[in-house]
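Chemist: To start, I am sharing the structure in question, which I have written as C-alpha cells.
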Amino acid sequence: MEKKLLVTGANGQLGREISNMYEARDGVEVIRTDVAELDITNVEDTLKFVKEVKPYAIINCAAHTAVDKCETDVDNAYKINAIGPRNLSIAATETDSKLVHISTDYVFEGNGTKPYTEFDATNPQGMYGKTKLAGEKFVEQFAKNYFIIRTAWLYGDGKNFVKTMLNAAKTKDVVSVVGDQLGSPTSTKVLAGIIETLLWTDNYGLFHGTCEGVCSWAEFTKEFYKLTGTTTEVKTITSDEYPTPTKRPAYSVLDNYMLKLTTDHVAADWHDAIAQYIEEGWHLK
C-alpha cells in the first residue's frame, strides 16, 4: 500500500523539490496542497482535510517568508507561521501521522561568533523570527511524532537570491552586496536530502538542516557569478549601507549538530550545492 505524503506550500521552492522527489518514488503518493487546496490557518478545514487523506506524514513547507512584510502584516504572519503549524500538529496527532515542519535561522539573535546548535537559546529580533518560533513551540506542544528542521538562505526552483542577482547582472556593470552578514546558503535539494534521512525514522525532535560551510552574501554572489561566467563586478558593502525594515542577522550560521549526533548524514558544502544547482540549470528556470 502506498504511503501518502501531504505537502503544504507545494508551490514554493521547497514544496516543489519535495513533491518532485517523492512523486518519482514507488510506494509513495504525494498530495500537493497550497492555500487554494488547504487553508492551514483554519483548524476545522485542516482537521477535515487531513482526516480524509490519513497521510503517513505531513511535510509543512508553507510559511509567510516575506521578512520585511511580516513587520506590518503581523496577524497574517502569526496565522501562517504559528497557527498553521499548530493546526497541522493537532491534525497529525489525531491521524497518527508524522509531521515535518520547516523553521528558520531567524529564531536566533544573529550576533553569535560560532555556529548555533539546537541547544543554543533562541532570541528572535523581528516578527518573522518571532512567529516562526511560536510555530515551533506549537509543534512541540501539539504534535506527537515530529521533526522540526531549521534551515537558512534557501534557494531552489522559484524566486530566490541567486536568480535575483543573476537578473540584476543583465543590466548592471556593478552590483552592491552586503559582506557583513554570514550564513550557509542551502539548496532545496540538500534540505530535501536531510528530510529524506529523517522522514522514515523515529528519530524525532529538533534539527538544523543547512549546507556545510560559511560565507557572506557578497562571497556567495561572487561564487555563482564565477560559475555562470557573469562578469558583473560585486561591490561589497555593509548592512548599514543597505538598510531594510527588518534587521538581518549578522551571523546566522547553523550547526547541523543533532544530525551529526544521531545520523550518518553529512550535508553538502555550500560550494558543491550551488555548483550542482547551476550545472543542472535551475537558475535559468
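Going by the C-alpha cells order, chains are called A, B, ..., each with residues numbered from 1, while ligands are numbered from 1 in the order shown.
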Write out as an MDAnalysis selection string which residues come within 10 Å of Thr65 of chain A when counting only C-alpha atoms, dropping same-chain ones fewer than 5 positions away.
Modeler: chainID A and resid 70 77 80:81 104 128:129 132
Chemist: Please identify all polymer residues within 12 Å of segment 39-44 of chain A, counting only C-alpha atoms, omitting same-chain residues fewer than 3 positions from it, and present them as a ChimeraX atom specification.
Modeler: /A:7-9,33-36,47-51,58,60-64,75-92,135
Chemist: Assign secondary structure with DSSP using the backbone only, and return the residues of segment 55-152 of chain A in helix (DSSP H, G or I) as an NGL selection string.
Modeler: :A and (67-70 or 74-94 or 105-107 or 127-142)
Chemist: Show me, as a list in words, the residues that have an atom within 12 Å of Met165 of chain A when counting only C-alpha atoms, minus same-chain residues fewer than 3 positions from it.
Modeler: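 Those residues are Lys159, Asn160, Phe161, Val162, Ala168, Ala169, Lys170, Thr171, Lys172, Asp173, Val174, Val175, Ser176, Val177, Trp217, Ala218, Phe220, Thr221, Lys222, Glu223, Phe224, Tyr225, Thr228, Thr230, Thr232, Glu233, Val234 and His283 of chain A.
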Chemist: Filtering to C-alpha atoms, could you give me those residues as a PDB file, in the first residue's frame?
Modeler:
ATOM      1  CA  LYS A 159      12.133  33.209  -6.704  1.00  0.00           C
ATOM      2  CA  ASN A 160      15.384  33.419  -4.758  1.00  0.00           C
ATOM      3  CA  PHE A 161      18.558  35.424  -4.150  1.00  0.00           C
ATOM      4  CA  VAL A 162      20.566  33.610  -6.834  1.00  0.00           C
ATOM      5  CA  ALA A 168      20.463  42.226 -11.846  1.00  0.00           C
ATOM      6  CA  ALA A 169      23.731  41.417 -13.615  1.00  0.00           C
ATOM      7  CA  LYS A 170      21.985  41.524 -17.003  1.00  0.00           C
ATOM      8  CA  THR A 171      21.556  45.299 -16.744  1.00  0.00           C
ATOM      9  CA  LYS A 172      24.328  46.358 -14.333  1.00  0.00           C
ATOM     10  CA  ASP A 173      28.111  46.506 -14.535  1.00  0.00           C
ATOM     11  CA  VAL A 174      28.392  46.656 -10.755  1.00  0.00           C
ATOM     12  CA  VAL A 175      26.118  45.223  -8.020  1.00  0.00           C
ATOM     13  CA  SER A 176      26.392  46.067  -4.333  1.00  0.00           C
ATOM     14  CA  VAL A 177      26.013  43.140  -1.915  1.00  0.00           C
ATOM     15  CA  TRP A 217      26.079  37.268   0.719  1.00  0.00           C
ATOM     16  CA  ALA A 218      28.816  39.015  -1.280  1.00  0.00           C
ATOM     17  CA  PHE A 220      28.073  33.768  -2.308  1.00  0.00           C
ATOM     18  CA  THR A 221      27.270  36.139  -5.190  1.00  0.00           C
ATOM     19  CA  LYS A 222      30.863  36.102  -6.417  1.00  0.00           C
ATOM     20  CA  GLU A 223      30.825  32.309  -6.405  1.00  0.00           C
ATOM     21  CA  PHE A 224      27.719  31.870  -8.572  1.00  0.00           C
ATOM     22  CA  TYR A 225      28.794  34.739 -10.854  1.00  0.00           C
ATOM     23  CA  THR A 228      27.908  31.223 -14.639  1.00  0.00           C
ATOM     24  CA  THR A 230      28.943  36.520 -15.164  1.00  0.00           C
ATOM     25  CA  THR A 232      29.430  41.993 -13.382  1.00  0.00           C
ATOM     26  CA  GLU A 233      31.540  43.331 -10.524  1.00  0.00           C
ATOM     27  CA  VAL A 234      30.408  42.579  -6.959  1.00  0.00           C
ATOM     28  CA  HIS A 283      18.956  29.246 -12.214  1.00  0.00           C
TER      29      HIS A 283
END
Chemist: Which residues of segment 5-87 of chain A come within 10 Å of segment 179-198 of chain A, and what is each one's closest atom pair and distance in Å (one decimal), counting only C-alpha atoms, sorted by chain and residue number, as a tab-separated table?
Modeler:
residue	atom	partner	partner_atom	distance
A:Gln13	CA	A:Thr188	CA	7.0
A:Leu14	CA	A:Thr188	CA	5.5
A:Gly15	CA	A:Thr188	CA	8.9
A:Arg16	CA	A:Thr188	CA	9.0
A:Glu17	CA	A:Thr188	CA	6.3
A:Ile18	CA	A:Ala192	CA	6.1
A:Ser19	CA	A:Ala192	CA	9.8
A:Met21	CA	A:Ala192	CA	8.1
A:Tyr22	CA	A:Glu196	CA	9.5
A:Ile59	CA	A:Ile195	CA	9.0
Chemist: Write out, as a PDB file, in the first residue's frame, the residues just selected, with all heavy atoms.
Modeler:
ATOM      1  N   GLN A  13       9.455  26.938  -3.220  1.00  0.00           N
ATOM      2  CA  GLN A  13      10.702  26.298  -3.670  1.00  0.00           C
ATOM      3  C   GLN A  13      10.902  24.913  -3.062  1.00  0.00           C
ATOM      4  O   GLN A  13      11.149  23.939  -3.771  1.00  0.00           O
ATOM      5  CB  GLN A  13      11.912  27.167  -3.293  1.00  0.00           C
ATOM      6  CG  GLN A  13      11.995  28.480  -4.036  1.00  0.00           C
ATOM      7  CD  GLN A  13      13.306  29.188  -3.743  1.00  0.00           C
ATOM      8  OE1 GLN A  13      14.222  29.168  -4.548  1.00  0.00           O
ATOM      9  NE2 GLN A  13      13.412  29.810  -2.579  1.00  0.00           N
ATOM     10  N   LEU A  14      10.785  24.815  -1.745  1.00  0.00           N
ATOM     11  CA  LEU A  14      10.984  23.520  -1.096  1.00  0.00           C
ATOM     12  C   LEU A  14       9.829  22.580  -1.397  1.00  0.00           C
ATOM     13  O   LEU A  14      10.045  21.384  -1.621  1.00  0.00           O
ATOM     14  CB  LEU A  14      11.139  23.694   0.415  1.00  0.00           C
ATOM     15  CG  LEU A  14      11.379  22.401   1.197  1.00  0.00           C
ATOM     16  CD1 LEU A  14      12.659  21.716   0.745  1.00  0.00           C
ATOM     17  CD2 LEU A  14      11.409  22.668   2.699  1.00  0.00           C
ATOM     18  N   GLY A  15       8.617  23.111  -1.433  1.00  0.00           N
ATOM     19  CA  GLY A  15       7.451  22.294  -1.750  1.00  0.00           C
ATOM     20  C   GLY A  15       7.580  21.615  -3.107  1.00  0.00           C
ATOM     21  O   GLY A  15       7.238  20.434  -3.274  1.00  0.00           O
ATOM     22  N   ARG A  16       8.105  22.349  -4.079  1.00  0.00           N
ATOM     23  CA  ARG A  16       8.319  21.763  -5.424  1.00  0.00           C
ATOM     24  C   ARG A  16       9.385  20.675  -5.382  1.00  0.00           C
ATOM     25  O   ARG A  16       9.235  19.612  -6.003  1.00  0.00           O
ATOM     26  CB  ARG A  16       8.747  22.865  -6.397  1.00  0.00           C
ATOM     27  CG  ARG A  16       7.629  23.820  -6.771  1.00  0.00           C
ATOM     28  CD  ARG A  16       8.148  24.919  -7.674  1.00  0.00           C
ATOM     29  NE  ARG A  16       7.144  25.960  -7.843  1.00  0.00           N
ATOM     30  CZ  ARG A  16       7.380  27.117  -8.446  1.00  0.00           C
ATOM     31  NH1 ARG A  16       8.570  27.392  -8.924  1.00  0.00           N
ATOM     32  NH2 ARG A  16       6.421  28.024  -8.572  1.00  0.00           N
ATOM     33  N   GLU A  17      10.469  20.967  -4.681  1.00  0.00           N
ATOM     34  CA  GLU A  17      11.578  19.995  -4.584  1.00  0.00           C
ATOM     35  C   GLU A  17      11.096  18.698  -3.954  1.00  0.00           C
ATOM     36  O   GLU A  17      11.345  17.607  -4.475  1.00  0.00           O
ATOM     37  CB  GLU A  17      12.706  20.596  -3.742  1.00  0.00           C
ATOM     38  CG  GLU A  17      13.954  19.750  -3.671  1.00  0.00           C
ATOM     39  CD  GLU A  17      14.798  19.829  -4.927  1.00  0.00           C
ATOM     40  OE1 GLU A  17      15.152  20.953  -5.352  1.00  0.00           O
ATOM     41  OE2 GLU A  17      15.099  18.759  -5.490  1.00  0.00           O
ATOM     42  N   ILE A  18      10.399  18.814  -2.838  1.00  0.00           N
ATOM     43  CA  ILE A  18       9.898  17.638  -2.117  1.00  0.00           C
ATOM     44  C   ILE A  18       8.892  16.861  -2.968  1.00  0.00           C
ATOM     45  O   ILE A  18       8.961  15.632  -3.098  1.00  0.00           O
ATOM     46  CB  ILE A  18       9.230  18.081  -0.794  1.00  0.00           C
ATOM     47  CG1 ILE A  18      10.270  18.652   0.175  1.00  0.00           C
ATOM     48  CG2 ILE A  18       8.463  16.938  -0.142  1.00  0.00           C
ATOM     49  CD1 ILE A  18      11.235  17.647   0.738  1.00  0.00           C
ATOM     50  N   SER A  19       7.959  17.601  -3.566  1.00  0.00           N
ATOM     51  CA  SER A  19       6.923  16.958  -4.384  1.00  0.00           C
ATOM     52  C   SER A  19       7.533  16.203  -5.549  1.00  0.00           C
ATOM     53  O   SER A  19       7.197  15.042  -5.817  1.00  0.00           O
ATOM     54  CB  SER A  19       5.928  18.003  -4.902  1.00  0.00           C
ATOM     55  OG  SER A  19       5.290  18.662  -3.835  1.00  0.00           O
ATOM     56  N   MET A  21      10.579  15.082  -5.868  1.00  0.00           N
ATOM     57  CA  MET A  21      11.419  13.972  -5.407  1.00  0.00           C
ATOM     58  C   MET A  21      10.574  12.736  -5.100  1.00  0.00           C
ATOM     59  O   MET A  21      10.905  11.623  -5.509  1.00  0.00           O
ATOM     60  CB  MET A  21      12.196  14.398  -4.168  1.00  0.00           C
ATOM     61  CG  MET A  21      13.103  13.315  -3.596  1.00  0.00           C
ATOM     62  SD  MET A  21      14.195  13.911  -2.286  1.00  0.00           S
ATOM     63  CE  MET A  21      13.123  13.846  -0.864  1.00  0.00           C
ATOM     64  N   TYR A  22       9.460  12.943  -4.390  1.00  0.00           N
ATOM     65  CA  TYR A  22       8.672  11.789  -3.957  1.00  0.00           C
ATOM     66  C   TYR A  22       7.664  11.317  -5.001  1.00  0.00           C
ATOM     67  O   TYR A  22       7.246  10.160  -4.957  1.00  0.00           O
ATOM     68  CB  TYR A  22       7.989  12.084  -2.622  1.00  0.00           C
ATOM     69  CG  TYR A  22       8.965  12.059  -1.471  1.00  0.00           C
ATOM     70  CD1 TYR A  22       9.211  13.188  -0.711  1.00  0.00           C
ATOM     71  CD2 TYR A  22       9.662  10.893  -1.168  1.00  0.00           C
ATOM     72  CE1 TYR A  22      10.127  13.169   0.342  1.00  0.00           C
ATOM     73  CE2 TYR A  22      10.580  10.851  -0.125  1.00  0.00           C
ATOM     74  CZ  TYR A  22      10.805  11.988   0.621  1.00  0.00           C
ATOM     75  OH  TYR A  22      11.718  11.956   1.640  1.00  0.00           O
ATOM     76  N   ILE A  59       4.354  17.182   5.393  1.00  0.00           N
ATOM     77  CA  ILE A  59       5.588  17.971   5.265  1.00  0.00           C
ATOM     78  C   ILE A  59       5.178  19.420   5.068  1.00  0.00           C
ATOM     79  O   ILE A  59       4.674  19.796   4.009  1.00  0.00           O
ATOM     80  CB  ILE A  59       6.470  17.461   4.103  1.00  0.00           C
ATOM     81  CG1 ILE A  59       6.766  15.970   4.280  1.00  0.00           C
ATOM     82  CG2 ILE A  59       7.766  18.270   4.030  1.00  0.00           C
ATOM     83  CD1 ILE A  59       7.559  15.344   3.163  1.00  0.00           C
TER      84      ILE A  59
END
Chemist: Any idea what's packed within 10 Å of Arg150 of chain A, counting only C-alpha atoms, ignoring anything in its chain fewer than 5 positions away? Could you give it as number ranges by chain?
Modeler: A: 101-107, 118, 132, 136, 191, 206-210, 254, 256
Chemist: Run DSSP on the backbone and grab whatever in segment 1-204 of chain A lands in strand (DSSP E); send it over as a ChimeraX atom specification.
Modeler: /A:3-8,28-32,57-60,98-104,146-151,154-155,174-178,182-183,186-187
Chemist: Hey, can you spit out that residue selection with C-alpha atoms as an mmCIF file, in the first residue's frame?
Modeler:
data_model
loop_
_atom_site.group_PDB
_atom_site.id
_atom_site.type_symbol
_atom_site.label_atom_id
_atom_site.label_comp_id
_atom_site.auth_asym_id
_atom_site.auth_seq_id
_atom_site.Cartn_x
_atom_site.Cartn_y
_atom_site.Cartn_z
ATOM 1 C CA LYS A 3 2.333 5.802 1.827
ATOM 2 C CA LYS A 4 0.730 9.208 1.454
ATOM 3 C CA LEU A 5 2.791 12.343 1.931
ATOM 4 C CA LEU A 6 0.781 15.536 2.350
ATOM 5 C CA VAL A 7 2.873 18.518 1.231
ATOM 6 C CA THR A 8 1.712 22.010 2.221
ATOM 7 C CA VAL A 28 4.644 6.906 -2.269
ATOM 8 C CA GLU A 29 1.657 9.058 -3.154
ATOM 9 C CA VAL A 30 2.180 12.817 -2.926
ATOM 10 C CA ILE A 31 -0.794 15.045 -2.128
ATOM 11 C CA ARG A 32 0.280 18.546 -3.128
ATOM 12 C CA ALA A 57 3.455 12.237 7.052
ATOM 13 C CA ILE A 58 2.678 15.915 6.611
ATOM 14 C CA ILE A 59 5.588 17.971 5.265
ATOM 15 C CA ASN A 60 4.851 21.602 6.082
ATOM 16 C CA LYS A 98 4.316 12.251 11.309
ATOM 17 C CA LEU A 99 4.905 15.986 10.912
ATOM 18 C CA VAL A 100 7.931 17.574 9.252
ATOM 19 C CA HIS A 101 7.966 21.301 9.987
ATOM 20 C CA ILE A 102 10.437 23.715 8.398
ATOM 21 C CA SER A 103 11.734 26.572 10.516
ATOM 22 C CA THR A 104 14.463 29.193 10.224
ATOM 23 C CA TYR A 146 7.568 15.452 14.668
ATOM 24 C CA PHE A 147 10.741 16.723 13.054
ATOM 25 C CA ILE A 148 11.375 20.463 13.263
ATOM 26 C CA ILE A 149 14.116 21.388 10.788
ATOM 27 C CA ARG A 150 15.609 24.876 10.823
ATOM 28 C CA THR A 151 17.211 25.968 7.584
ATOM 29 C CA LEU A 154 17.334 28.677 0.852
ATOM 30 C CA TYR A 155 17.330 28.591 -2.943
ATOM 31 C CA VAL A 174 28.392 46.656 -10.755
ATOM 32 C CA VAL A 175 26.118 45.223 -8.020
ATOM 33 C CA SER A 176 26.392 46.067 -4.333
ATOM 34 C CA VAL A 177 26.013 43.140 -1.915
ATOM 35 C CA VAL A 178 26.393 43.053 1.861
ATOM 36 C CA LEU A 182 27.347 35.428 7.424
ATOM 37 C CA GLY A 183 25.392 32.231 6.834
ATOM 38 C CA THR A 186 21.368 25.944 1.267
ATOM 39 C CA SER A 187 19.822 24.381 -1.813
#
Chemist: Looking at A:Asp240, A:Glu2, A:Gly156, A:Gly126, which one is nearest to Gln276 of chain A, with distances taken over only C-alpha atoms?
Modeler: A:Gly156
Chemist: Can you tell me, as a list in words, what residues are no more than 9 Å from Phe108 of chain A when counting only C-alpha atoms, ignoring any on the same chain fewer than 3 positions away?
Modeler: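 Those residues are Thr104, Asp105, Asn111, Gly112, Tyr116, Asp120, Ala121, Thr122, Asn123, Pro124, Gln125, Gly129, Pro249 and Ser252 of chain A.
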Chemist: Only all heavy atoms, please: the residues just picked out, written as a CSV table (one decimal), in the first residue's frame.
Modeler:
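This went into selection.csv:
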chain,number,residue,atom,x,y,z
A,104,THR,N,13.5,28.2,10.8
A,104,THR,CA,14.5,29.2,10.2
A,104,THR,C,15.6,29.6,11.2
A,104,THR,O,15.4,29.5,12.4
A,104,THR,CB,13.7,30.5,9.8
A,104,THR,OG1,14.6,31.5,9.4
A,104,THR,CG2,12.9,31.0,11.0
A,105,ASP,N,16.7,30.1,10.6
A,105,ASP,CA,17.8,30.7,11.4
A,105,ASP,C,17.3,32.0,12.1
A,105,ASP,O,18.0,32.4,13.1
A,105,ASP,CB,19.0,30.9,10.5
A,105,ASP,CG,18.6,31.9,9.4
A,105,ASP,OD1,17.6,31.7,8.7
A,105,ASP,OD2,19.4,32.8,9.1
A,111,ASN,N,23.8,37.3,16.5
A,111,ASN,CA,25.1,38.1,16.8
A,111,ASN,C,26.1,37.1,17.3
A,111,ASN,O,27.0,37.6,18.0
A,111,ASN,CB,24.8,39.2,17.8
A,111,ASN,CG,24.2,38.7,19.1
A,111,ASN,OD1,24.0,37.5,19.2
A,111,ASN,ND2,24.1,39.5,20.1
A,112,GLY,N,26.0,35.9,17.0
A,112,GLY,CA,27.0,34.9,17.5
A,112,GLY,C,28.3,34.9,16.8
A,112,GLY,O,28.6,35.7,15.9
A,116,TYR,N,25.3,28.1,15.5
A,116,TYR,CA,24.3,27.8,16.5
A,116,TYR,C,23.9,26.3,16.4
A,116,TYR,O,23.6,25.8,15.4
A,116,TYR,CB,23.0,28.6,16.2
A,116,TYR,CG,23.1,30.1,16.5
A,116,TYR,CD1,23.4,31.0,15.5
A,116,TYR,CD2,23.0,30.6,17.8
A,116,TYR,CE1,23.4,32.4,15.7
A,116,TYR,CE2,23.1,32.0,18.1
A,116,TYR,CZ,23.3,32.8,17.0
A,116,TYR,OH,23.4,34.2,17.3
A,120,ASP,N,21.3,25.8,21.6
A,120,ASP,CA,21.5,27.3,21.9
A,120,ASP,C,20.2,28.0,22.1
A,120,ASP,O,19.2,27.6,21.5
A,120,ASP,CB,22.3,27.9,20.8
A,120,ASP,CG,23.8,27.5,20.9
A,120,ASP,OD1,24.3,27.3,22.0
A,120,ASP,OD2,24.4,27.3,19.8
A,121,ALA,N,20.2,29.0,23.0
A,121,ALA,CA,19.0,29.8,23.3
A,121,ALA,C,18.5,30.6,22.1
A,121,ALA,O,19.4,31.2,21.4
A,121,ALA,CB,19.3,30.7,24.5
A,122,THR,N,17.2,30.6,21.9
A,122,THR,CA,16.7,31.4,20.8
A,122,THR,C,16.4,32.8,21.3
A,122,THR,O,16.2,33.0,22.5
A,122,THR,CB,15.3,30.8,20.3
A,122,THR,OG1,14.5,30.6,21.4
A,122,THR,CG2,15.6,29.5,19.6
A,123,ASN,N,16.4,33.8,20.4
A,123,ASN,CA,16.0,35.2,20.7
A,123,ASN,C,15.8,36.0,19.5
A,123,ASN,O,16.6,36.8,19.1
A,123,ASN,CB,17.2,35.8,21.5
A,123,ASN,CG,16.8,37.2,22.1
A,123,ASN,OD1,15.6,37.5,22.2
A,123,ASN,ND2,17.8,38.0,22.4
A,124,PRO,N,14.6,35.7,18.8
A,124,PRO,CA,14.3,36.3,17.5
A,124,PRO,C,14.2,37.8,17.7
A,124,PRO,O,13.7,38.3,18.7
A,124,PRO,CB,13.0,35.7,17.1
A,124,PRO,CG,12.4,35.1,18.3
A,124,PRO,CD,13.5,34.8,19.2
A,125,GLN,N,14.7,38.6,16.7
A,125,GLN,CA,14.7,40.0,16.7
A,125,GLN,C,13.6,40.7,15.9
A,125,GLN,O,13.2,41.8,16.2
A,125,GLN,CB,16.0,40.6,16.2
A,125,GLN,CG,17.2,40.1,17.0
A,125,GLN,CD,17.1,40.6,18.5
A,125,GLN,OE1,17.2,41.7,18.8
A,125,GLN,NE2,16.9,39.6,19.4
A,129,GLY,N,11.0,36.0,12.7
A,129,GLY,CA,11.6,35.0,13.6
A,129,GLY,C,10.7,34.7,14.8
A,129,GLY,O,10.6,33.6,15.2
A,249,PRO,N,20.1,39.1,10.5
A,249,PRO,CA,21.1,38.5,11.4
A,249,PRO,C,22.5,38.7,10.9
A,249,PRO,O,22.7,38.4,9.7
A,249,PRO,CB,20.8,37.0,11.5
A,249,PRO,CG,19.4,36.9,11.0
A,249,PRO,CD,19.2,38.0,10.1
A,252,SER,N,24.3,34.0,11.2
A,252,SER,CA,23.2,33.0,11.4
A,252,SER,C,23.6,31.7,10.9
A,252,SER,O,22.8,31.0,10.3
A,252,SER,CB,21.9,33.5,10.8
A,252,SER,OG,22.1,33.6,9.4
Chemist: For Tyr277 of chain A, which residue out of A:Asp157, A:Ala152, A:Thr72, A:Glu94 is the nearest one, using only C-alpha atoms?
Modeler: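 Smallest separation from Tyr277 of chain A among the options: A:Asp157.
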Chemist: Determine, counting only C-alpha atoms, which protein, DNA and RNA residues have an atom within 8 Å of an atom of Thr246 of chain A; residues of the same chain fewer than 3 positions away are not included. Present the result as a PyMOL selection string.
Modeler: chain A and resi 67-68+71+126
Chemist: Report, in Å with one decimal, the straight-line distance from atom CA of Leu166 of chain A to atom CA of Ile274 of chain A.
Modeler: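 Between atom CA of Leu166 of chain A and atom CA of Ile274 of chain A the gap works out to 13.2 Å.
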Chemist: Calculated over only C-alpha atoms, which of the candidates A:Ile237, A:Arg248, A:Leu227, A:Trp270 has the smallest distance to Cys211 of chain A?
Modeler: A:Trp270
Chemist: Tell me which of A:Thr117, A:Gln141, A:Leu133, A:Thr46 sits closest to Thr95 of chain A, counting only C-alpha atoms.
Modeler: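 That would be A:Thr46, the residue with the smallest distance to Thr95 of chain A.
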